[in-house]
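upload.csv follows (CSV, C-alpha atoms):
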```
chain,number,residue,atom,x,y,z
A,3,MET,CA,3.9,-3.8,6.4
A,4,PRO,CA,5.9,-5.2,3.5
A,5,LYS,CA,6.0,-3.4,0.2
A,6,GLN,CA,3.3,-4.5,-2.2
A,7,ILE,CA,4.4,-5.7,-5.6
A,8,LEU,CA,2.1,-5.1,-8.6
A,9,THR,CA,0.4,-8.3,-9.7
A,10,THR,CA,-0.1,-9.2,-13.4
A,11,ASP,CA,-3.8,-8.4,-13.0
A,12,GLN,CA,-3.1,-5.0,-11.6
A,13,ALA,CA,-0.5,-4.3,-14.3
A,14,MET,CA,-3.2,-4.9,-16.9
A,15,ARG,CA,-5.7,-2.8,-15.0
A,16,TYR,CA,-3.3,0.2,-14.8
A,17,ASN,CA,-1.6,-0.3,-18.2
A,18,ARG,CA,-2.9,3.0,-19.6
A,19,GLN,CA,-1.0,5.0,-17.0
A,20,ILE,CA,2.0,2.7,-16.8
A,21,VAL,CA,2.7,3.4,-20.5
A,22,LEU,CA,2.6,7.2,-20.0
A,23,PRO,CA,5.9,9.0,-20.5
A,24,ASN,CA,7.9,9.1,-17.3
A,25,PHE,CA,5.6,6.6,-15.6
A,26,ASP,CA,6.3,2.9,-15.4
A,27,VAL,CA,5.7,-0.2,-13.2
A,28,ASP,CA,7.9,1.2,-10.4
A,29,LYS,CA,5.8,4.4,-10.3
A,30,GLN,CA,2.6,2.4,-10.2
A,31,GLU,CA,4.0,0.4,-7.3
A,32,ILE,CA,4.7,3.7,-5.5
A,33,LEU,CA,0.9,4.5,-5.9
A,34,LEU,CA,0.0,1.0,-4.8
A,35,ASN,CA,2.0,1.5,-1.5
A,36,ALA,CA,0.8,5.1,-1.0
A,37,LYS,CA,-1.3,6.2,2.0
A,38,VAL,CA,-3.5,9.2,1.6
A,39,LEU,CA,-5.9,11.1,3.9
A,40,ILE,CA,-8.8,13.0,2.4
A,41,VAL,CA,-10.5,15.3,4.9
A,42,GLY,CA,-14.0,16.3,3.6
A,43,VAL,CA,-16.0,14.1,1.3
A,44,GLY,CA,-18.0,16.8,-0.4
A,45,GLY,CA,-17.6,18.1,-4.0
A,46,LEU,CA,-13.8,18.3,-4.0
A,47,GLY,CA,-13.2,15.2,-1.7
A,48,CYS,CA,-15.5,13.0,-3.9
A,49,ALA,CA,-13.7,14.0,-7.1
A,50,ALA,CA,-10.2,13.5,-5.6
A,51,ALA,CA,-11.1,10.2,-4.0
A,52,GLN,CA,-12.7,8.8,-7.2
A,53,TYR,CA,-9.5,9.5,-9.2
A,54,LEU,CA,-7.1,8.4,-6.6
A,55,VAL,CA,-8.9,5.1,-6.2
A,56,ALA,CA,-9.1,4.6,-9.9
A,57,ALA,CA,-5.4,5.3,-10.3
A,58,GLY,CA,-4.6,2.6,-7.7
A,59,VAL,CA,-3.5,4.4,-4.6
A,60,GLY,CA,-3.2,1.6,-2.1
A,61,GLU,CA,-4.8,3.1,1.1
A,62,ILE,CA,-7.2,6.0,1.5
A,63,THR,CA,-8.7,7.3,4.7
A,64,LEU,CA,-11.8,9.5,4.5
A,65,ILE,CA,-12.9,11.9,7.2
A,66,ASP,CA,-16.2,13.7,7.3
A,67,ASN,CA,-18.8,14.1,10.0
A,68,ASP,CA,-21.6,15.2,7.6
A,69,ASN,CA,-24.5,13.2,6.2
A,70,VAL,CA,-25.5,13.2,2.5
A,71,GLU,CA,-28.3,15.7,1.7
A,72,LYS,CA,-30.3,15.8,-1.4
A,73,SER,CA,-28.8,19.2,-2.3
A,74,ASN,CA,-25.3,17.5,-2.4
A,75,LEU,CA,-26.2,15.1,-5.2
A,76,GLN,CA,-25.6,17.4,-8.2
A,77,ARG,CA,-21.9,17.9,-7.3
A,78,GLN,CA,-20.9,15.1,-4.9
A,79,VAL,CA,-20.7,12.3,-7.5
A,80,LEU,CA,-20.0,9.4,-5.1
A,81,HIS,CA,-23.4,9.8,-3.4
A,82,GLY,CA,-26.8,8.8,-4.8
A,83,GLU,CA,-30.4,9.3,-3.9
A,84,SER,CA,-30.4,6.2,-1.7
A,85,ASP,CA,-27.5,7.6,0.3
A,86,VAL,CA,-29.4,10.7,1.6
A,87,GLY,CA,-29.2,10.7,5.4
A,88,ILE,CA,-26.1,8.4,5.4
A,89,ASN,CA,-22.7,9.6,6.6
A,90,LYS,CA,-20.7,10.9,3.6
A,91,CYS,CA,-17.7,8.6,4.4
A,92,LEU,CA,-19.8,5.5,4.3
A,93,SER,CA,-21.6,6.5,1.1
A,94,ALA,CA,-18.3,7.4,-0.6
A,95,LYS,CA,-16.6,4.2,0.6
A,96,ALA,CA,-19.4,2.0,-0.9
A,97,SER,CA,-19.1,3.8,-4.3
A,98,LEU,CA,-15.3,3.7,-4.2
A,99,GLU,CA,-15.2,0.0,-3.4
A,100,GLN,CA,-17.3,-0.6,-6.6
A,101,LEU,CA,-14.8,1.4,-8.5
A,102,ASN,CA,-11.7,-0.5,-7.2
A,103,SER,CA,-12.0,-3.4,-4.7
A,104,ASP,CA,-8.2,-3.7,-4.3
A,105,ILE,CA,-7.9,-0.4,-2.4
A,106,THR,CA,-8.1,-0.2,1.4
A,107,ILE,CA,-10.5,2.5,2.4
A,108,ASN,CA,-10.8,3.6,6.0
A,109,VAL,CA,-13.4,6.0,7.4
A,110,ILE,CA,-13.6,8.3,10.3
A,111,GLN,CA,-17.1,9.7,10.7
A,112,LYS,CA,-16.4,12.5,13.1
A,113,ARG,CA,-14.4,15.8,13.4
A,114,ILE,CA,-11.1,15.1,14.9
A,115,GLU,CA,-8.8,17.4,16.8
A,116,TYR,CA,-5.2,18.5,16.4
A,117,ASP,CA,-3.6,15.7,18.6
A,118,ASP,CA,-5.6,13.1,16.7
A,119,TYR,CA,-4.4,14.6,13.4
A,120,ILE,CA,-0.7,14.5,14.6
A,121,GLN,CA,-1.0,10.8,15.1
A,122,LEU,CA,-2.9,10.2,12.0
A,123,VAL,CA,-0.9,12.1,9.4
A,124,LYS,CA,2.6,11.1,10.5
A,125,PRO,CA,2.8,7.8,8.5
A,126,LEU,CA,1.0,9.2,5.4
A,127,ASN,CA,2.4,10.2,2.1
A,128,ILE,CA,0.0,13.1,1.5
A,129,VAL,CA,-3.1,14.8,3.0
A,130,LEU,CA,-5.8,16.4,0.9
A,131,ASP,CA,-7.7,19.2,2.6
A,132,CYS,CA,-11.1,19.3,1.0
A,133,THR,CA,-12.8,21.0,4.0
A,134,ASP,CA,-15.2,23.9,3.9
A,135,ASN,CA,-14.1,25.8,7.0
A,136,LEU,CA,-11.0,27.7,8.0
A,137,ALA,CA,-10.7,26.3,11.5
A,138,SER,CA,-10.4,22.7,10.2
A,139,ARG,CA,-8.1,23.9,7.5
A,140,ASN,CA,-5.7,25.6,9.9
A,141,THR,CA,-5.7,22.6,12.3
A,142,LEU,CA,-4.9,20.2,9.5
A,143,ASN,CA,-2.2,22.5,8.2
A,144,GLN,CA,-0.6,22.7,11.6
A,145,ALA,CA,-0.6,18.9,12.0
A,146,CYS,CA,0.9,18.3,8.5
A,147,TYR,CA,3.5,21.0,9.0
A,148,LYS,CA,4.6,19.6,12.4
A,149,SER,CA,4.8,16.0,11.1
A,150,GLY,CA,6.4,17.0,7.8
A,151,THR,CA,3.6,15.5,5.8
A,152,ALA,CA,2.8,16.9,2.4
A,153,LEU,CA,-0.6,18.8,2.2
A,154,VAL,CA,-2.7,19.8,-0.7
A,155,SER,CA,-5.3,22.3,0.3
A,156,SER,CA,-8.2,23.2,-1.9
A,157,ALA,CA,-11.5,25.1,-1.8
A,158,ALA,CA,-14.2,26.0,-4.3
A,159,ILE,CA,-17.3,28.1,-4.1
A,160,ARG,CA,-19.5,29.1,-7.0
A,161,MET,CA,-17.2,29.6,-9.9
A,162,GLU,CA,-14.1,30.3,-7.9
A,163,GLY,CA,-11.5,28.0,-6.4
A,164,GLN,CA,-8.1,27.8,-4.9
A,165,LEU,CA,-5.4,25.1,-4.7
A,166,MET,CA,-2.2,25.1,-2.8
A,167,SER,CA,0.3,22.4,-2.1
A,168,VAL,CA,2.8,22.4,0.8
A,169,VAL,CA,5.7,20.1,1.2
A,170,PRO,CA,6.9,21.0,4.7
A,171,GLN,CA,10.5,21.6,5.4
A,172,GLN,CA,12.1,23.4,8.3
A,173,ASN,CA,11.4,27.1,8.1
A,174,SER,CA,9.3,26.8,5.0
A,175,ALA,CA,6.0,28.5,4.2
A,176,CYS,CA,2.7,26.8,4.8
A,177,TYR,CA,-1.1,27.4,4.5
A,178,ALA,CA,-1.1,29.6,7.6
A,179,CYS,CA,1.4,32.0,6.0
A,180,LEU,CA,-1.2,32.8,3.3
A,181,SER,CA,-4.3,32.9,5.4
```
Structure translated into structure tokens:
Amino acid sequence: MPKQILTTDQAMRYNRQIVLPNFDVDKQEILLNAKVLIVGVGGLGCAAAQYLVAAGVGEITLIDNDNVEKSNLQRQVLHGESDVGINKCLSAKASLEQLNSDITINVIQKRIEYDDYIQLVKPLNIVLDCTDNLASRNTLNQACYKSGTALVSSAAIRMEGQLMSVVPQQNSACYACLS
């Protein structure tokens, strides 16, 4: 796919970040051409997706096999009352498309396995791990490490949280080294 060039309309839309120190049209075009995977569209995934879409990241893929529950609504801001019972990816996609219709949003409404992740993460710029279980986190970490794809792993429960980023290089540390 050829590199996308920022249009005049997009330059106006993203003007407030383009004028930031050390950020310019070239950096905005990097975002426009970026491909991001967000695994988990709960509290953390919703917040991350919302800001990445608003910032103009060109393509986002959402993965989550859960459906929206009423108990999610106070913290998972992309879902509303009418979304209860709907898959979280579909609900989030509808909200995100209202926020920025220029972004390509893909959804995978199931849990995927290691071999699927290997194929999926290879062409990406970065993966956001917003999952809520260690098995998924470890599988995603292994796939990112093997493919050399950057990973941001996050978790939050009650008033505590953790955040770790890994830019894999040969013989470097990764999430598994900590857990």
Residues within 12 Å of (-1.0, 10.3, 5.1), file coordinates, counting only C-alpha atoms: what are they? Give the list as a PDB file with C-alpha atoms, in the coordinates of the input.
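So result11.pdb came out as:
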```pdb
ATOM      1  CA  ASN A  35       2.000   1.500  -1.500  1.00  0.00           C
ATOM      2  CA  ALA A  36       0.800   5.100  -1.000  1.00  0.00           C
ATOM      3  CA  LYS A  37      -1.300   6.200   2.000  1.00  0.00           C
ATOM      4  CA  VAL A  38      -3.500   9.200   1.600  1.00  0.00           C
ATOM      5  CA  LEU A  39      -5.900  11.100   3.900  1.00  0.00           C
ATOM      6  CA  ILE A  40      -8.800  13.000   2.400  1.00  0.00           C
ATOM      7  CA  VAL A  41     -10.500  15.300   4.900  1.00  0.00           C
ATOM      8  CA  VAL A  59      -3.500   4.400  -4.600  1.00  0.00           C
ATOM      9  CA  GLY A  60      -3.200   1.600  -2.100  1.00  0.00           C
ATOM     10  CA  GLU A  61      -4.800   3.100   1.100  1.00  0.00           C
ATOM     11  CA  ILE A  62      -7.200   6.000   1.500  1.00  0.00           C
ATOM     12  CA  THR A  63      -8.700   7.300   4.700  1.00  0.00           C
ATOM     13  CA  LEU A  64     -11.800   9.500   4.500  1.00  0.00           C
ATOM     14  CA  ASN A 108     -10.800   3.600   6.000  1.00  0.00           C
ATOM     15  CA  TYR A 119      -4.400  14.600  13.400  1.00  0.00           C
ATOM     16  CA  ILE A 120      -0.700  14.500  14.600  1.00  0.00           C
ATOM     17  CA  GLN A 121      -1.000  10.800  15.100  1.00  0.00           C
ATOM     18  CA  LEU A 122      -2.900  10.200  12.000  1.00  0.00           C
ATOM     19  CA  VAL A 123      -0.900  12.100   9.400  1.00  0.00           C
ATOM     20  CA  LYS A 124       2.600  11.100  10.500  1.00  0.00           C
ATOM     21  CA  PRO A 125       2.800   7.800   8.500  1.00  0.00           C
ATOM     22  CA  LEU A 126       1.000   9.200   5.400  1.00  0.00           C
ATOM     23  CA  ASN A 127       2.400  10.200   2.100  1.00  0.00           C
ATOM     24  CA  ILE A 128       0.000  13.100   1.500  1.00  0.00           C
ATOM     25  CA  VAL A 129      -3.100  14.800   3.000  1.00  0.00           C
ATOM     26  CA  LEU A 130      -5.800  16.400   0.900  1.00  0.00           C
ATOM     27  CA  ASP A 131      -7.700  19.200   2.600  1.00  0.00           C
ATOM     28  CA  LEU A 142      -4.900  20.200   9.500  1.00  0.00           C
ATOM     29  CA  ALA A 145      -0.600  18.900  12.000  1.00  0.00           C
ATOM     30  CA  CYS A 146       0.900  18.300   8.500  1.00  0.00           C
ATOM     31  CA  SER A 149       4.800  16.000  11.100  1.00  0.00           C
ATOM     32  CA  GLY A 150       6.400  17.000   7.800  1.00  0.00           C
ATOM     33  CA  THR A 151       3.600  15.500   5.800  1.00  0.00           C
ATOM     34  CA  ALA A 152       2.800  16.900   2.400  1.00  0.00           C
ATOM     35  CA  LEU A 153      -0.600  18.800   2.200  1.00  0.00           C
ATOM     36  CA  VAL A 154      -2.700  19.800  -0.700  1.00  0.00           C
TER      37      VAL A 154
END
```
Which residues of region 19-53 of chain A sit at most 9 Å from region 4-12 of chain A, using all atoms listed in the file? Give each one's shortest atom pair and distance in Å (one decimal place), in chain and ascending residue order, as a tab-separated table.
```
residue	atom	partner	partner_atom	distance
A:Val27	CA	A:Leu8	CA	7.6
A:Asp28	CA	A:Leu8	CA	8.8
A:Gln30	CA	A:Leu8	CA	7.7
A:Glu31	CA	A:Leu8	CA	6.0
A:Ile32	CA	A:Gln6	CA	8.9
A:Leu34	CA	A:Gln6	CA	6.9
A:Asn35	CA	A:Gln6	CA	6.2
```
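The interatomic distance for the pair CA of Val86 (chain A) and CA of Gln52 (chain A) works out to 19.0 Å.
You will find CA of Tyr116 (chain A) at 18.9 Å from CA of Asp68 (chain A).
One distance worth recording is that between CA of Met166 (chain A) and CA of Gly44 (chain A), which is 18.0 Å.
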Self-check item: Contact residues around region 96-104 of chain A with only C-alpha atoms at 10 Å, ignoring same-chain residues under 5 positions, as JSON, numbers by chain
Solution: {"A": [12, 34, 48, 51, 52, 53, 54, 55, 56, 57, 58, 59, 60, 61, 79, 80, 81, 82, 85, 91]}
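Here the question is which of A:Met14, A:Val21, A:Ala49, A:Cys132 gets nearest to Gln78 (chain A) using only C-alpha atoms, and that residue is A:Ala49.
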